[in-house]
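Dumped final26.cif below, it's mmCIF, C-alpha atoms:
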data_coords
#
loop_
_atom_site.label_atom_id
_atom_site.label_comp_id
_atom_site.auth_asym_id
_atom_site.auth_seq_id
_atom_site.Cartn_x
_atom_site.Cartn_y
_atom_site.Cartn_z
CA MET A 169 13.50 21.97 21.56
CA ILE A 170 10.40 20.83 23.40
CA LEU A 171 9.50 17.15 23.21
CA ILE A 172 5.88 16.18 23.75
CA LYS A 173 4.59 12.66 23.61
CA ILE A 174 0.89 12.72 22.83
CA GLY A 175 -0.66 9.42 23.88
CA GLY A 176 -2.85 7.48 21.52
CA SER A 177 -5.53 7.62 24.23
CA LEU A 178 -5.99 11.25 23.18
CA LEU A 179 -6.70 10.37 19.54
CA TYR A 180 -10.30 11.57 19.65
CA ASN A 181 -9.36 14.60 21.77
CA SER A 182 -6.14 15.64 20.10
CA LYS A 183 -7.21 18.14 17.46
CA THR A 184 -7.42 21.18 19.75
CA LEU A 185 -4.16 20.31 21.48
CA LEU A 186 -2.37 19.91 18.15
CA LYS A 187 -3.69 23.17 16.77
CA LYS A 188 -2.87 25.10 19.95
CA LEU A 189 0.63 23.70 20.03
CA LYS A 190 1.15 24.66 16.41
CA ASP A 191 -0.11 28.21 17.01
CA PHE A 192 2.03 28.48 20.13
CA ALA A 193 5.18 27.24 18.38
CA ILE A 194 4.73 29.65 15.50
CA ASN A 195 3.64 32.68 17.54
CA TYR A 196 6.28 32.30 20.25
CA ASN A 197 9.04 30.95 18.03
CA LYS A 198 9.42 27.69 19.95
CA LYS A 199 10.47 24.37 18.48
CA ILE A 200 8.04 21.59 19.36
CA VAL A 201 8.54 17.93 18.47
CA ILE A 202 5.67 15.51 18.93
CA VAL A 203 5.99 11.77 19.42
CA PRO A 204 2.71 9.87 19.01
CA GLY A 205 1.53 6.94 21.10
CA GLY A 206 0.19 3.77 19.51
CA GLY A 207 -3.36 4.05 20.87
CA ILE A 208 -6.05 1.72 19.59
CA PHE A 209 -3.77 0.38 16.88
CA ALA A 210 -1.32 -0.86 19.51
CA ASP A 211 -4.29 -2.17 21.49
CA VAL A 212 -5.22 -4.37 18.54
CA VAL A 213 -1.62 -5.63 18.32
CA ARG A 214 -1.85 -6.53 22.01
CA GLU A 215 -5.16 -8.33 21.43
CA VAL A 216 -3.75 -10.29 18.47
CA ASP A 217 -0.67 -11.11 20.55
CA LYS A 218 -2.90 -12.52 23.30
CA ASN A 219 -4.83 -14.63 20.80
CA LEU A 220 -1.98 -15.84 18.63
CA ARG A 221 1.01 -15.56 20.99
CA LEU A 222 3.18 -13.60 18.63
CA SER A 223 6.91 -13.39 19.24
CA PRO A 224 7.85 -10.45 21.51
CA SER A 225 9.84 -9.00 18.61
CA LEU A 226 6.89 -8.99 16.23
CA SER A 227 4.60 -7.46 18.85
CA HIS A 228 7.25 -4.82 19.52
CA LYS A 229 7.63 -4.07 15.81
CA LEU A 230 3.90 -3.79 15.16
CA ALA A 231 3.34 -1.70 18.30
CA ILE A 232 6.03 0.72 17.08
CA LYS A 233 4.44 0.82 13.64
CA SER A 234 1.14 1.63 15.36
CA MET A 235 2.77 4.84 16.57
CA ASP A 236 3.28 5.79 12.90
CA PHE A 237 -0.45 5.35 12.29
CA VAL A 238 -1.35 7.70 15.11
CA GLY A 239 1.40 10.09 13.99
CA GLU A 240 -0.05 10.20 10.47
CA ILE A 241 -3.46 10.97 11.91
CA TYR A 242 -2.09 13.68 14.24
CA SER A 243 -0.28 15.13 11.25
CA GLU A 244 -3.52 15.44 9.31
CA LEU A 245 -5.62 16.66 12.25
CA GLY A 246 -3.14 19.34 13.27
CA ASN A 247 -1.90 20.18 9.80
CA ILE A 248 1.63 19.51 11.05
CA LYS A 249 4.36 17.92 8.94
CA SER A 250 5.55 14.45 9.88
CA TYR A 251 9.08 13.08 9.74
CA SER A 252 10.39 9.54 9.69
CA THR A 253 14.03 10.51 10.23
CA LEU A 254 15.62 12.91 12.70
CA PHE A 255 17.71 14.21 9.83
CA ASP A 256 14.64 15.54 8.05
CA LEU A 257 13.09 16.74 11.30
CA LYS A 258 16.19 18.73 12.29
CA ARG A 259 16.54 20.19 8.84
CA GLU A 260 12.98 21.49 8.72
CA ILE A 261 12.11 22.32 12.32
CA PRO A 262 13.82 25.74 12.30
CA ASN A 263 11.32 26.81 9.61
CA GLU A 264 8.34 24.67 10.50
CA LYS A 265 8.62 25.25 14.29
CA ILE A 266 6.62 22.08 14.96
CA GLY A 267 6.88 18.51 13.68
CA ILE A 268 5.54 15.04 14.32
CA ILE A 269 7.85 12.06 14.42
CA LEU A 270 6.75 8.82 12.74
CA PRO A 271 9.09 6.78 14.89
CA SER A 272 9.19 3.31 13.34
CA LYS A 273 12.08 3.89 10.97
CA ILE A 274 14.19 5.48 13.71
CA LEU A 275 13.36 2.99 16.46
CA LEU A 276 13.63 -0.15 14.33
CA SER A 277 16.86 1.10 12.76
CA ILE A 278 18.62 1.56 16.08
CA ASP A 279 16.74 -1.24 17.92
CA LEU A 280 17.89 -0.20 21.37
CA ALA A 281 14.75 -1.01 23.35
CA GLU A 282 13.78 -4.29 24.96
CA HIS A 283 11.27 -6.27 22.89
CA SER A 284 8.48 -6.56 25.42
CA TRP A 285 5.25 -4.96 26.49
CA ASN A 286 7.16 -3.39 29.42
CA ILE A 287 8.22 -0.91 26.79
CA THR A 288 5.43 1.09 25.24
CA SER A 289 5.36 4.44 23.51
CA ASP A 290 6.14 6.21 26.83
CA SER A 291 9.54 4.60 27.11
CA LEU A 292 10.10 4.73 23.36
CA SER A 293 9.59 8.48 23.45
CA LEU A 294 12.45 8.64 25.96
CA TYR A 295 14.72 6.97 23.41
CA ILE A 296 13.73 9.66 20.94
CA GLY A 297 14.39 12.28 23.64
CA LYS A 298 17.83 10.84 24.22
CA LEU A 299 18.60 10.98 20.50
CA LEU A 300 17.43 14.60 20.42
CA ASN A 301 19.45 15.35 23.55
CA VAL A 302 16.54 16.93 25.44
CA LYS A 303 16.42 17.04 29.22
CA ASP A 304 12.66 17.25 29.68
CA ILE A 305 9.75 15.44 28.14
CA ILE A 306 6.07 16.21 28.39
CA ILE A 307 3.82 13.15 28.37
CA ALA A 308 0.33 14.26 27.40
CA THR A 309 -2.18 11.60 28.33
CA ASN A 310 -5.85 11.32 29.28
CA VAL A 311 -5.40 11.64 33.05
CA ASP A 312 -4.24 14.57 35.17
CA GLY A 313 -0.97 12.98 36.24
CA ILE A 314 0.18 10.26 38.63
CA TYR A 315 -1.93 9.47 41.66
CA LYS A 316 -0.94 7.97 45.00
CA ASN A 317 -3.76 7.02 47.37
CA ASN A 318 -6.16 9.02 45.22
CA ASN A 319 -4.01 12.15 45.50
CA LEU A 320 -2.50 13.70 42.44
CA LEU A 321 1.25 13.94 42.97
CA LYS A 322 2.79 17.29 42.17
CA GLU A 323 6.25 15.82 42.02
CA VAL A 324 7.68 12.35 42.42
CA ASN A 325 11.10 10.86 42.14
CA ALA A 326 11.33 8.19 39.44
CA SER A 327 12.86 5.81 42.02
CA GLU A 328 9.80 6.07 44.24
CA ILE A 329 7.33 4.90 41.68
CA ASP A 330 6.35 1.31 42.12
CA GLU A 331 2.79 1.27 40.88
CA TRP A 332 2.19 2.90 37.56
CA THR A 333 -1.11 4.03 36.28
CA SER A 334 -0.24 6.29 33.42
CA VAL A 335 3.19 5.33 32.10
CA ASP A 336 4.76 1.99 31.28
CA ILE A 337 6.90 -0.26 33.48
CA ALA A 338 10.28 0.57 31.99
CA PHE A 339 9.73 4.33 32.03
CA PRO A 340 11.09 5.30 35.51
CA LYS A 341 14.35 3.39 35.05
CA LEU A 342 14.90 4.81 31.59
CA LEU A 343 14.15 8.31 32.80
CA LYS A 344 16.96 7.98 35.36
CA LYS A 345 19.30 6.25 32.93
CA PHE A 346 18.83 9.05 30.42
CA LYS A 347 18.96 11.73 33.15
CA MET A 348 15.67 13.24 32.09
CA ASN A 349 12.62 14.68 33.82
CA ALA A 350 9.07 14.10 32.69
CA TYR A 351 5.82 15.98 33.09
CA ILE A 352 2.70 13.82 33.01
CA VAL A 353 -0.20 16.05 32.01
CA ASN A 354 -3.78 15.78 30.80
CA GLY A 355 -3.73 16.59 27.09
CA LYS A 356 -7.45 17.35 27.09
CA TYR A 357 -6.42 20.69 28.66
CA PRO A 358 -3.96 22.20 26.16
CA GLU A 359 -3.37 25.22 28.43
CA ARG A 360 -1.75 22.92 31.00
CA VAL A 361 0.68 21.62 28.39
CA ILE A 362 1.51 25.17 27.38
CA ASP A 363 1.89 26.18 31.05
CA ILE A 364 4.54 23.50 31.44
CA ILE A 365 6.41 24.80 28.39
CA ASN A 366 6.24 28.29 29.94
CA ASN A 367 7.51 26.99 33.30
CA LYS A 368 4.23 27.98 34.90
CA ASN A 369 2.59 26.15 37.75
CA THR A 370 -0.17 23.84 36.51
CA ILE A 371 -2.01 20.58 37.17
CA CYS A 372 0.42 17.77 36.32
CA THR A 373 2.96 15.43 37.88
CA LYS A 374 6.66 16.08 37.49
CA VAL A 375 8.65 12.85 37.50
CA ILE A 376 12.23 13.49 38.46
CA GLY A 377 14.77 11.23 36.82
CA TRP A 378 17.66 13.55 37.39
CA GLN A 379 18.49 16.52 39.59
CA ASN A 380 21.32 18.92 39.13
CA ILE A 381 22.33 19.36 42.75
CA SER A 382 24.80 22.18 43.18
CA VAL A 383 25.56 22.99 46.80
CA MET B 8 2.76 -18.48 -10.07
CA ILE B 9 -0.34 -18.85 -7.88
CA LEU B 10 -1.68 -15.71 -6.23
CA ILE B 11 -3.74 -16.12 -3.07
CA LYS B 12 -5.22 -13.27 -1.13
CA ILE B 13 -5.79 -14.37 2.45
CA GLY B 14 -8.33 -12.08 4.06
CA GLY B 15 -7.67 -10.51 7.40
CA SER B 16 -10.93 -12.09 8.57
CA LEU B 17 -8.99 -15.36 8.65
CA LEU B 18 -6.31 -14.01 11.01
CA TYR B 19 -7.27 -16.33 13.87
CA ASN B 20 -7.82 -19.25 11.47
CA SER B 21 -4.88 -18.79 9.15
CA LYS B 22 -2.12 -20.89 10.68
CA THR B 23 -3.22 -24.24 9.24
CA LEU B 24 -3.88 -22.74 5.83
CA LEU B 25 -0.46 -21.07 5.76
CA LYS B 26 1.36 -24.21 6.81
CA LYS B 27 -0.51 -26.40 4.33
CA LEU B 28 0.18 -23.95 1.52
CA LYS B 29 3.86 -23.91 2.41
CA ASP B 30 4.06 -27.72 2.48
CA PHE B 31 2.15 -27.92 -0.79
CA ALA B 32 4.37 -25.38 -2.53
CA ILE B 33 7.54 -27.13 -1.42
CA ASN B 34 6.36 -30.71 -1.99
CA TYR B 35 4.77 -30.07 -5.40
CA ASN B 36 7.24 -27.44 -6.57
CA LYS B 37 4.59 -24.73 -7.01
CA LYS B 38 5.17 -21.01 -6.60
CA ILE B 39 2.65 -19.46 -4.24
CA VAL B 40 2.41 -15.74 -3.52
CA ILE B 41 0.20 -14.55 -0.68
CA VAL B 42 -1.34 -11.09 -0.38
CA PRO B 43 -2.73 -10.34 3.11
CA GLY B 44 -5.94 -8.48 3.87
CA GLY B 45 -6.05 -5.67 6.40
CA GLY B 46 -8.40 -7.38 8.86
CA ILE B 47 -8.97 -5.84 12.28
CA PHE B 48 -6.24 -3.27 11.72
CA ALA B 49 -8.10 -1.89 8.71
CA ASP B 50 -11.31 -2.09 10.75
CA VAL B 51 -9.76 0.26 13.30
CA VAL B 52 -8.73 2.65 10.50
CA ARG B 53 -12.35 2.61 9.31
CA GLU B 54 -13.57 3.30 12.85
CA VAL B 55 -11.15 6.20 13.29
CA ASP B 56 -12.16 7.52 9.88
CA LYS B 57 -15.82 7.49 10.98
CA ASN B 58 -14.98 9.33 14.18
CA LEU B 59 -12.48 11.85 12.87
CA ARG B 60 -13.42 12.07 9.17
CA LEU B 61 -9.95 11.48 7.86
CA SER B 62 -9.12 12.39 4.28
CA PRO B 63 -9.81 9.50 1.86
CA SER B 64 -6.10 9.45 1.03
CA LEU B 65 -5.03 8.98 4.64
CA SER B 66 -7.63 6.25 5.21
CA HIS B 67 -6.43 4.56 2.03
CA LYS B 68 -2.78 4.78 3.12
CA LEU B 69 -3.42 3.44 6.61
CA ALA B 70 -5.69 0.66 5.31
CA ILE B 71 -2.89 -0.42 2.96
CA LYS B 72 -0.38 -0.29 5.81
CA SER B 73 -2.77 -2.49 7.79
CA MET B 74 -2.22 -5.19 5.16
CA ASP B 75 1.49 -5.09 6.06
CA PHE B 76 0.59 -5.79 9.71
CA VAL B 77 -1.45 -8.86 8.78
CA GLY B 78 1.29 -9.91 6.34
CA GLU B 79 3.91 -9.72 9.08
CA ILE B 80 1.71 -11.87 11.30
CA TYR B 81 1.03 -14.42 8.53
CA SER B 82 4.76 -14.50 7.91
CA GLU B 83 5.46 -15.45 11.51
CA LEU B 84 2.53 -17.88 11.85
CA GLY B 85 3.36 -19.73 8.64
CA ASN B 86 7.13 -19.37 8.87
CA ILE B 87 7.04 -17.87 5.38
CA LYS B 88 9.33 -15.06 4.21
CA SER B 89 7.77 -11.69 3.52
CA TYR B 90 8.68 -9.22 0.79
CA SER B 91 8.00 -5.53 0.41
CA THR B 92 9.13 -5.34 -3.23
CA LEU B 93 8.30 -7.56 -6.20
CA PHE B 94 11.98 -7.45 -7.09
CA ASP B 95 12.90 -9.31 -3.91
CA LEU B 96 9.90 -11.62 -4.20
CA LYS B 97 10.76 -12.64 -7.76
CA ARG B 98 14.40 -13.13 -6.91
CA GLU B 99 13.69 -15.46 -4.02
CA ILE B 100 10.49 -17.27 -4.97
CA PRO B 101 12.22 -19.87 -7.20
CA ASN B 102 14.07 -21.10 -4.11
CA GLU B 103 11.55 -20.28 -1.40
CA LYS B 104 8.51 -21.54 -3.38
CA ILE B 105 6.19 -19.42 -1.21
CA GLY B 106 6.24 -15.79 -0.14
CA ILE B 107 4.07 -13.17 1.51
CA ILE B 108 3.79 -9.69 0.08
CA LEU B 109 3.83 -6.72 2.44
CA PRO B 110 2.08 -4.53 -0.09
CA SER B 111 2.34 -0.97 1.22
CA LYS B 112 5.63 -0.05 -0.43
CA ILE B 113 4.46 -1.41 -3.79
CA LEU B 114 0.95 0.02 -3.69
CA LEU B 115 1.89 3.45 -2.36
CA SER B 116 4.81 3.70 -4.80
CA ILE B 117 2.63 3.14 -7.85
CA ASP B 118 -0.55 4.71 -6.38
CA LEU B 119 -2.86 3.40 -9.11
CA ALA B 120 -5.94 2.69 -7.01
CA GLU B 121 -8.75 5.05 -6.15
CA HIS B 122 -8.46 6.50 -2.65
CA SER B 123 -11.76 5.32 -1.22
CA TRP B 124 -13.29 2.53 0.82
CA ASN B 125 -14.70 1.09 -2.45
CA ILE B 126 -11.19 -0.27 -2.78
CA THR B 127 -10.14 -2.70 -0.10
CA SER B 128 -7.55 -5.43 0.00
CA ASP B 129 -9.60 -7.52 -2.48
CA SER B 130 -9.20 -4.97 -5.24
CA LEU B 131 -5.68 -4.12 -4.16
CA SER B 132 -4.70 -7.76 -4.54
CA LEU B 133 -5.86 -7.49 -8.17
CA TYR B 134 -3.38 -4.67 -8.72
CA ILE B 135 -0.67 -6.96 -7.37
CA GLY B 136 -1.96 -9.71 -9.65
CA LYS B 137 -1.74 -7.38 -12.63
CA LEU B 138 1.84 -6.47 -11.74
CA LEU B 139 2.70 -10.15 -11.44
CA ASN B 140 0.88 -10.86 -14.71
CA VAL B 141 -1.26 -13.67 -13.31
CA LYS B 142 -4.59 -14.62 -14.84
CA ASP B 143 -6.25 -16.16 -11.79
CA ILE B 144 -6.49 -15.11 -8.19
CA ILE B 145 -7.73 -17.08 -5.23
CA ILE B 146 -9.51 -15.00 -2.60
CA ALA B 147 -9.50 -16.96 0.65
CA THR B 148 -12.07 -15.53 3.03
CA ASN B 149 -14.28 -16.69 5.90
CA VAL B 150 -17.33 -17.62 3.82
CA ASP B 151 -17.83 -20.41 1.26
CA GLY B 152 -18.16 -18.08 -1.71
CA ILE B 153 -20.73 -15.71 -3.16
CA TYR B 154 -24.39 -16.32 -2.46
CA LYS B 155 -27.46 -15.29 -4.41
CA ASN B 156 -30.86 -15.85 -2.78
CA ASN B 157 -29.14 -18.01 -0.19
CA ASN B 158 -27.63 -20.27 -2.85
CA LEU B 159 -23.89 -20.56 -3.20
CA LEU B 160 -22.98 -19.67 -6.76
CA LYS B 161 -20.64 -22.07 -8.48
CA GLU B 162 -19.78 -19.56 -11.13
CA VAL B 163 -20.79 -15.98 -11.82
CA ASN B 164 -19.82 -13.43 -14.41
CA ALA B 165 -18.26 -10.32 -12.87
CA SER B 166 -20.76 -8.20 -14.83
CA GLU B 167 -23.69 -9.90 -13.13
CA ILE B 168 -22.68 -9.07 -9.62
CA ASP B 169 -24.56 -6.17 -8.16
CA GLU B 170 -24.73 -7.05 -4.50
CA TRP B 171 -21.50 -8.03 -2.89
CA THR B 172 -21.16 -9.88 0.31
CA SER B 173 -17.61 -11.06 0.28
CA VAL B 174 -15.60 -8.79 -1.98
CA ASP B 175 -15.40 -5.03 -2.29
CA ILE B 176 -17.34 -2.73 -4.63
CA ALA B 177 -14.56 -2.07 -7.15
CA PHE B 178 -13.56 -5.72 -7.46
CA PRO B 179 -15.83 -6.90 -10.35
CA LYS B 180 -14.91 -4.01 -12.63
CA LEU B 181 -11.21 -4.37 -11.93
CA LEU B 182 -11.40 -8.10 -12.53
CA LYS B 183 -12.77 -7.42 -16.02
CA LYS B 184 -10.38 -4.55 -16.65
CA PHE B 185 -7.41 -6.74 -15.77
CA LYS B 186 -8.89 -9.76 -17.64
CA MET B 187 -8.62 -11.99 -14.60
CA ASN B 188 -10.74 -14.68 -12.98
CA ALA B 189 -11.16 -15.07 -9.25
CA TYR B 190 -12.03 -17.95 -6.97
CA ILE B 191 -13.75 -16.97 -3.74
CA VAL B 192 -13.16 -19.76 -1.23
CA ASN B 193 -13.42 -20.42 2.48
CA GLY B 194 -9.89 -20.37 3.84
CA LYS B 195 -10.92 -22.29 6.94
CA TYR B 196 -10.85 -25.36 4.67
CA PRO B 197 -7.31 -25.38 3.26
CA GLU B 198 -8.11 -28.46 1.12
CA ARG B 199 -10.54 -26.34 -0.91
CA VAL B 200 -7.83 -23.81 -1.65
CA ILE B 201 -5.49 -26.60 -2.70
CA ASP B 202 -8.25 -28.18 -4.83
CA ILE B 203 -8.55 -24.92 -6.74
CA ILE B 204 -4.79 -24.86 -7.36
CA ASN B 205 -5.07 -28.44 -8.62
CA ASN B 206 -8.01 -27.55 -10.91
CA LYS B 207 -10.22 -29.88 -8.93
CA ASN B 208 -13.91 -29.34 -8.32
CA THR B 209 -14.54 -27.87 -4.86
CA ILE B 210 -16.83 -25.61 -2.83
CA CYS B 211 -16.16 -22.05 -4.00
CA THR B 212 -17.42 -19.38 -6.40
CA LYS B 213 -15.57 -18.70 -9.61
CA VAL B 214 -15.94 -15.07 -10.68
CA ILE B 215 -15.34 -14.70 -14.37
CA GLY B 216 -13.75 -11.44 -15.43
CA TRP B 217 -12.46 -12.74 -18.70
CA GLN B 218 -13.14 -15.66 -21.01
CA ASN B 219 -10.95 -16.82 -23.85
CA ILE B 220 -13.65 -17.67 -26.36
CA SER B 221 -12.27 -19.56 -29.33
CA VAL B 222 -14.94 -20.81 -31.75
#

Represent the structure of the file as structure tokens.
Amino acid sequence: MILIKIGGSLLYNSKTLLKKLKDFAINYNKKIVIVPGGGIFADVVREVDKNLRLSPSLSHKLAIKSMDFVGEIYSELGNIKSYSTLFDLKREIPNEKIGIILPSKILLSIDLAEHSWNITSDSLSLYIGKLLNVKDIIIATNVDGIYKNNNLLKEVNASEIDEWTSVDIAFPKLLKKFKMNAYIVNGKYPERVIDIINNKNTICTKVIGWQNISV
Amino acid sequence: MILIKIGGSLLYNSKTLLKKLKDFAINYNKKIVIVPGGGIFADVVREVDKNLRLSPSLSHKLAIKSMDFVGEIYSELGNIKSYSTLFDLKREIPNEKIGIILPSKILLSIDLAEHSWNITSDSLSLYIGKLLNVKDIIIATNVDGIYKNNNLLKEVNASEIDEWTSVDIAFPKLLKKFKMNAYIVNGKYPERVIDIINNKNTICTKVIGWQNISV
């Protein structure tokens, strides 16, 4: 099972990616699960929070529900079924090959994440990854990967990341805690995302949260 | 039972209104039910719809879910319990005196409204009013009422309204269909809203959808 978080920043550039992923999943018999970001809906929650000083829990809840909004839109744009429980997802993915998670029911039910803006859809997608027992996650965003001194990093250890441009604050720690690796990739270039799935070299940053060192 | 729709346009000016309504309901033993508008969250849905040409059904669904967001925020700001079913609302309102409806579960379950932007939270609040069997609805918004040639109308028959400034296109017809009357009032002045509840003369526009004419 391949887990891809598609950031809300890609909302207006997601249609081609979604369609290519669907074609790829069906044609190559892969199972692809998409977690949406919160995008402009979460941005509005953040703006309202700044103006009205909402409780961290309410901001967290509404930001998570924003992911459902983007998920519903991705579902329509890509003609891909959406699921609000992992039960339904797992039952249908062998036939459907690709599915979109509307994560609010899952995430609010288990309530494992910190209620703060340190946690955004990047980290929340790791919780979903943990539940699905995947080892890798692809984070499709609107930049080419992670930069250090204006250089795109090909690979970086999660521990070495102190300044984050393209993922949230809690992400590196969670990646290590969950023993996962992440690929940060520009979703405007669907072929790069598909290259990662095919283990091909491409433009992206691999963030290493766990290495299986066998000497 | 007094039904008040508090428009999302009042989001940043709603706290005083919510607190005064709560005090009023408790102190005068009234039952007040609040329906939230979709505000800036629905505005973002509209923007995305313009950009991506969503299906009318998806726009409708997300606009309704936006009302839940505003309802959750009103709930926190006013320290008022929120309800996603009329069953729970009716069970608790005798003790709570005031409640906020998170309307998406109700409205999507019954799916009676047209899926179009002619229907916004104004009209949707009439559907809630019909379900609750109320005869009057107060629409608290950010203007003083309905204007004609720059004059604030004290009273207007729903049939006479052709240009709408402060309520949606479907509203007048639904008001007549449901045999209801509406008071359009500026929610920035909570005393006006309370005057309406007390049958006192105040600055607002009464929209007549039904008159009990006994000769």

- [ ] When you get a sec, could you note down which chain A residues fall within 8 Å of chain B, using all atoms listed in the file, as number ranges by chain?
- [x] A: 180, 208-209, 212, 219-220, 222, 226, 230, 237, 240-241, 244

Task: the PyMOL selection byres ((chain A and resi 373) around 7) applied to the shown file, residues as a list in words - done: Gly313, Ile314, Leu321, Lys322, Glu323, Tyr351, Ile352, Val353, Cys372, Lys374 and Val375 of chain A

Open item on the list: To one decimal place in Å, what is the distance between CA of Gly297 in chain A and CA of Tyr315 in chain A?
Closed with: 24.5 Å

- [ ] State, in Å with one decimal place, the distance from CA of Leu299 in chain A to CA of Leu171 in chain A.
- [x]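 Straight-line distance from CA of Leu299 in chain A to CA of Leu171 in chain A works out to 11.3 Å.
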
Open item on the list: Give me, as a ChimeraX atom specification, all polymer residues having an atom no more than 12 Å from Gln218 in chain B, counting all atoms listed in the file and skipping those fewer than 3 positions away in the same chain.
Closed with: /B:142-143,163-165,182-183,185-189,214-215,221

Would you export the selected residues with C-alpha atoms as a tab-separated table (two decimals), in the frame of the given file, please?
chain	number	residue	atom	x	y	z
B	142	LYS	CA	-4.59	-14.62	-14.84
B	143	ASP	CA	-6.25	-16.16	-11.79
B	163	VAL	CA	-20.79	-15.98	-11.82
B	164	ASN	CA	-19.82	-13.43	-14.41
B	165	ALA	CA	-18.26	-10.32	-12.87
B	182	LEU	CA	-11.40	-8.10	-12.53
B	183	LYS	CA	-12.77	-7.42	-16.02
B	185	PHE	CA	-7.41	-6.74	-15.77
B	186	LYS	CA	-8.89	-9.76	-17.64
B	187	MET	CA	-8.62	-11.99	-14.60
B	188	ASN	CA	-10.74	-14.68	-12.98
B	189	ALA	CA	-11.16	-15.07	-9.25
B	214	VAL	CA	-15.94	-15.07	-10.68
B	215	ILE	CA	-15.34	-14.70	-14.37
B	221	SER	CA	-12.27	-19.56	-29.33

Task: Nearest residue to Leu119 in chain B from the set B:Val174, B:His67, B:Asp151, B:Thr92 (distances using all atoms listed in the file) - done: B:His67

Open item on the list: Counting only C-alpha atoms, which residues have an atom no more than 12 Å from (-12.6, -29.5, -5.5) in the file's coordinates? Please list them as a PyMOL selection string.
Closed with: chain B and resi 161+190+192+196-213

Open item on the list: Which residue is closest to Ala177 in chain B? Choose from B:Asn193, B:Asn125, B:Asn219, B:Asn158 and count all atoms listed in the file.
Closed with: B:Asn125

Open item on the list: Just want the 10 Å neighbourhood of Phe31 in chain B, counted on all atoms listed in the file, with same-chain residues fewer than 6 positions away dropped. Output as a ChimeraX atom specification.
Closed with: /B:25,37-39,104-105,201

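Selection result for the displayed file, with the PyMOL selection byres ((chain B and resi 124) around 9) as criterion, is Arg53, Pro63, Ser66, His67, Glu121, His122, Ser123, Asn125, Ile126, Thr127, Asp175 and Ile176 of chain B.
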
If I wrap all listed atoms of range 53-57 of chain B in a box with edges along x, y and z and add 3 Å on each side, what are its centre and edge lengths in Å to one decimal, as JSON?
{"center_x": -13.5, "center_y": 5.1, "center_z": 11.3, "size_x": 10.7, "size_y": 10.9, "size_z": 10.0}

Open item on the list: Evaluated on this file, the PyMOL selection byres ((chain A and resi 250) around 12) picks out some residues - which ones are they, written as an MDAnalysis selection string?
Closed with: chainID A and resid 201:204 236:249 251:254 256:258 260:261 264 266:271

- [ ] Give me, please, the distance in Å between CA of Tyr295 in chain A and CA of Ala308 in chain A, quoted to one decimal.
- [x] 16.6 Å

Tell me which protein, DNA and RNA residues are within 9 Å of Leu17 in chain B, counting all atoms listed in the file, leaving out same-chain ones fewer than 4 positions away, and put them as a PDB file with C-alpha atoms, in the frame of the given file.
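Result file follows (out36.pdb):
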ATOM      1  CA  ILE B  13      -5.790 -14.370   2.450  1.00  0.00           C
ATOM      2  CA  SER B  21      -4.880 -18.790   9.150  1.00  0.00           C
ATOM      3  CA  GLY B  44      -5.940  -8.480   3.870  1.00  0.00           C
ATOM      4  CA  GLY B  46      -8.400  -7.380   8.860  1.00  0.00           C
ATOM      5  CA  ALA B 147      -9.500 -16.960   0.650  1.00  0.00           C
ATOM      6  CA  THR B 148     -12.070 -15.530   3.030  1.00  0.00           C
ATOM      7  CA  ASN B 149     -14.280 -16.690   5.900  1.00  0.00           C
ATOM      8  CA  GLY B 194      -9.890 -20.370   3.840  1.00  0.00           C
ATOM      9  CA  LYS B 195     -10.920 -22.290   6.940  1.00  0.00           C
TER      10      LYS B 195
END

Can you take the partial range 32-38 of chain B, add N, CA, C and O atoms, and return it as a short mmCIF file (atom, residue, chain, number, x, y, z; two decimals), in the coordinates of the input?
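Listing of part09.cif after writing:
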data_model
loop_
_atom_site.label_atom_id
_atom_site.label_comp_id
_atom_site.auth_asym_id
_atom_site.auth_seq_id
_atom_site.Cartn_x
_atom_site.Cartn_y
_atom_site.Cartn_z
N ALA B 32 3.47 -26.06 -1.58
CA ALA B 32 4.37 -25.38 -2.53
C ALA B 32 5.71 -26.09 -2.61
O ALA B 32 6.26 -26.28 -3.70
N ILE B 33 6.23 -26.49 -1.46
CA ILE B 33 7.54 -27.13 -1.42
C ILE B 33 7.46 -28.54 -2.00
O ILE B 33 8.26 -28.93 -2.85
N ASN B 34 6.45 -29.31 -1.56
CA ASN B 34 6.36 -30.71 -1.99
C ASN B 34 6.00 -30.86 -3.47
O ASN B 34 6.41 -31.83 -4.11
N TYR B 35 5.21 -29.92 -4.00
CA TYR B 35 4.77 -30.07 -5.40
C TYR B 35 5.43 -29.04 -6.31
O TYR B 35 5.03 -28.86 -7.45
N ASN B 36 6.46 -28.38 -5.77
CA ASN B 36 7.24 -27.44 -6.57
C ASN B 36 6.36 -26.38 -7.26
O ASN B 36 6.47 -26.16 -8.46
N LYS B 37 5.44 -25.81 -6.49
CA LYS B 37 4.59 -24.73 -7.01
C LYS B 37 5.12 -23.41 -6.45
O LYS B 37 5.80 -23.39 -5.42
N LYS B 38 4.78 -22.32 -7.11
CA LYS B 38 5.17 -21.01 -6.60
C LYS B 38 3.92 -20.29 -6.12
O LYS B 38 3.04 -19.97 -6.91
#
